[in-house]
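Read the structure below first, then the notes.
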Amino acid sequence: MLYFRGCTAREKLPDIQDATEKLLKLANVDYHILDDEKCCGSVLLRTGFLKEAQEQIKKNTEILKGETIITSCAGCYKTLTEDYDGLDVIHISQLLNQLIKENKIKLSKNDFDVTYHDSCHLGRHCDVFDEPREVIESVANLVEMKNIRENSLCCGAGGGVKSAYPEIADQMAKSRIAQAKETGCETLVTPCPFCKLNLENDDLEVLDLTEFLVKYGGIDETE
């Protein structure tokens with residue numbers, strides 16, 4: 001398997017990469033990474049640079065074809081599955097759910113509440129709703145926000161909005177954070193590095209799904 005880290009986790013949120021690799025090693029998943037990994041082209045596609053995106057896709061396809069690709073970025077997952085041809089891609093939430101059910105990752109269930117934010121890329125765009133929730137429920141009690149699944153509110157970071165319209169992105173994030181706070185939970189989990197960045201605030205702990213498992217799953221790293 002190839003762990004495609006994605007630009008955001010690789011460059012801005014290394015803790016996500018560290019947590020993902022820790023979980024893969026714990027489950028004895030045979031994987032490797034690319035030292036010279038290039039962007040999947042998601043940002044180019046979503047902001048209209050189609051020629052440049054297609055050039056990037058062509059270069060990446062030559063490297064990625066024939067691999068089973070794991071991605072911890074919802075944006076990379078959407079792009080690699082929908083904008084590339086013939087790649088075998090699995091999001092880390094799907095793989096973790098499978099590994100937990102196969103008892104390859106042993107977790108401890110705790111009696112505390114967390115809430116979950118559906119990333120637009122993973123949720124509405126790719127219909128991955130259940131697996132992240134099942135992973136969370138293997139560790140904690142899931143308390144849903146008002147808008148979830150297909151009706152989830154966007155965090156404001158995707159589609160180039162954060163770069164082009166930062167004030168709008170901040171307003172969208174505040175609306176979503178307010179819904180998270182209404183649940184009474186102190187921890188917000190998301191499967192998307194973009195969402196994590198835009199939803200970070202002073203009142204809630206915001207964690208990627210992989211970070212959440214490593215921190216609260218009672219994992220024995222000596223196994």
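All residue names refer to the structure tokens as shown: chains lettered A, B, ... in order, residues numbered from 1 in each chain, ligands numbered from 1 in order.
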Residues of segment 65-120 of chain A that approach segment 16-21 of chain A to 10 Å or less, counting only C-alpha atoms: could you list each one with the shortest pair of atoms and its distance in Å to one decimal, rows by chain and increasing residue number, as CSV?
residue,atom,partner,partner_atom,distance
A:Ile70,CA,A:Thr20,CA,9.9
A:Thr71,CA,A:Thr20,CA,9.3
A:Ser72,CA,A:Thr20,CA,7.4
A:Cys73,CA,A:Ile16,CA,9.4
A:Ile92,CA,A:Thr20,CA,7.9
A:Leu96,CA,A:Thr20,CA,9.6
Export of prior selection with N, CA, C and O atoms as a JSON list (two decimals), in the first residue's frame:
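This went into part_35.json:
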[["chain", "number", "residue", "atom", "x", "y", "z"],
["A", 70, "ILE", "N", -3.67, 4.80, 0.20],
["A", 70, "ILE", "CA", -4.32, 5.26, 1.43],
["A", 70, "ILE", "C", -4.15, 6.76, 1.49],
["A", 70, "ILE", "O", -3.04, 7.27, 1.30],
["A", 71, "THR", "N", -5.22, 7.48, 1.77],
["A", 71, "THR", "CA", -5.09, 8.92, 1.97],
["A", 71, "THR", "C", -5.78, 9.34, 3.25],
["A", 71, "THR", "O", -6.84, 8.84, 3.59],
["A", 72, "SER", "N", -5.13, 10.25, 3.98],
["A", 72, "SER", "CA", -5.74, 10.78, 5.20],
["A", 72, "SER", "C", -6.34, 12.16, 4.94],
["A", 72, "SER", "O", -6.81, 12.81, 5.88],
["A", 73, "CYS", "N", -6.35, 12.59, 3.69],
["A", 73, "CYS", "CA", -6.93, 13.88, 3.31],
["A", 73, "CYS", "C", -8.19, 13.65, 2.51],
["A", 73, "CYS", "O", -8.17, 12.95, 1.49],
["A", 92, "ILE", "N", -8.47, 6.82, 4.95],
["A", 92, "ILE", "CA", -8.00, 6.22, 6.20],
["A", 92, "ILE", "C", -9.16, 5.84, 7.12],
["A", 92, "ILE", "O", -9.08, 4.86, 7.85],
["A", 96, "LEU", "N", -9.35, 2.21, 8.66],
["A", 96, "LEU", "CA", -9.35, 2.04, 10.12],
["A", 96, "LEU", "C", -10.58, 1.28, 10.58],
["A", 96, "LEU", "O", -10.48, 0.41, 11.47]]
Once you count only C-alpha atoms, what closest atom pair and distance in Å to one decimal does each residue of segment 114-156 of chain A within 10 Å of segment 202-206 of chain A have, with rows by chain and rising residue number, as CSV?
residue,atom,partner,partner_atom,distance
A:Val114,CA,A:Glu205,CA,9.7
A:Thr115,CA,A:Val206,CA,9.8
A:Tyr116,CA,A:Val206,CA,9.7
A:His117,CA,A:Val206,CA,9.9
With the cut-off set at 10 Å and counting only C-alpha atoms, tabulate each residue of segment 151-219 of chain A with an atom at most that distance from an atom of segment 10-13 of chain A, showing the nearest atom pair and its distance in Å to one decimal, ordered by chain and increasing number, as a Markdown table.
| residue | atom | partner | partner_atom | distance |
| --- | --- | --- | --- | --- |
| A:Pro193 | CA | A:Leu13 | CA | 7.4 |
| A:Phe194 | CA | A:Leu13 | CA | 9.7 |
| A:Lys196 | CA | A:Leu13 | CA | 9.3 |
| A:Leu197 | CA | A:Leu13 | CA | 8.6 |
| A:Asp208 | CA | A:Leu13 | CA | 9.8 |
Taking only chain A into account, list the residues labelled strand (DSSP E) by DSSP (computed from the backbone), as a compact mmCIF listing (two decimals) with C-alpha atoms, in the first residue's frame.
# COMPACT_ATOMS: atom_id res chain seq x y z
CA LEU A 2 1.05 3.59 -0.62
CA TYR A 3 0.25 6.24 1.97
CA PHE A 4 -0.45 9.42 -0.01
CA THR A 68 -3.48 0.60 -3.34
CA ILE A 69 -3.51 4.19 -2.14
CA ILE A 70 -4.32 5.26 1.43
CA THR A 71 -5.09 8.92 1.97
CA ASP A 88 -7.44 1.98 -6.16
CA VAL A 89 -8.01 4.45 -3.32
CA ILE A 90 -9.19 4.06 0.27
CA HIS A 91 -9.63 6.83 2.84
CA ASP A 113 -18.85 12.57 24.33
CA VAL A 114 -17.40 13.88 21.10
CA THR A 115 -18.99 15.37 18.01
CA TYR A 116 -18.13 14.85 14.36
CA ASN A 141 -19.97 8.42 22.51
CA LEU A 142 -20.88 10.28 19.34
CA THR A 187 -13.83 17.56 21.33
CA LEU A 188 -14.63 17.94 17.62
CA VAL A 189 -13.37 15.26 15.22
CA THR A 190 -13.00 15.67 11.47
CA GLU A 205 -10.35 20.59 20.92
CA VAL A 206 -10.31 19.90 17.17
CA LEU A 207 -8.67 16.64 16.11
CA ASP A 208 -8.21 14.67 12.94
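Residues in contact with Tyr216 of chain A at 9 Å, where only C-alpha atoms are counted and same-chain residues fewer than 5 positions away are skipped, are listed as Leu107, Ser108, Lys109, Asn110, Val139, Ala140 and Glu211 of chain A.
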Neighbours of segment 145-155 of chain A within 6 Å (only C-alpha atoms; same-chain residues fewer than 4 positions away dropped), as a VMD selection string?
chain A and resid 124 172 to 173 179 to 180 195
For a quick check of understanding, using only C-alpha atoms, which of A:Asp130, A:Glu182, A:Glu62, A:Asp30 has the smallest distance to Gly86 of chain A?
A:Glu62
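Proximity to Thr79 of chain A was assessed for A:Glu144, A:Glu167, A:Ile177, A:Val43 counting only C-alpha atoms; the smallest distance is recorded for A:Val43.
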Extract, using only C-alpha atoms, all DNA, RNA and protein residues at most 10 Å from Leu95 of chain A, discarding same-chain residues fewer than 6 positions from it, and format them as an MDAnalysis selection string.
chainID A and resid 24 70:71 101 131:132 135
Go through segment 22-124 of chain A and collect every residue that DSSP, computed from the backbone, puts in alpha helix (DSSP H); the answer should be as a VMD selection string.
chain A and resid 22 to 26 42 to 46 50 to 64 74 to 82 92 to 101
Would you list the contacts of His121 of chain A as a CSV table (one decimal) with C-alpha atoms, in the first residue's frame, taking every protein, DNA or RNA residue within 6 Å and counting only C-alpha atoms, but skipping same-chain residues closer than 6 positions in sequence?
chain,number,residue,atom,x,y,z
A,74,ALA,CA,-10.6,14.1,2.3
A,75,GLY,CA,-9.7,16.4,-0.6
A,78,LYS,CA,-12.2,12.9,-3.7
Which is closest to Asn28 of chain A among A:Ser93, A:Thr81, A:Thr61, A:Asn103, if we use only C-alpha atoms?
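Using only C-alpha atoms, Asn28 of chain A sits closest to A:Asn103.
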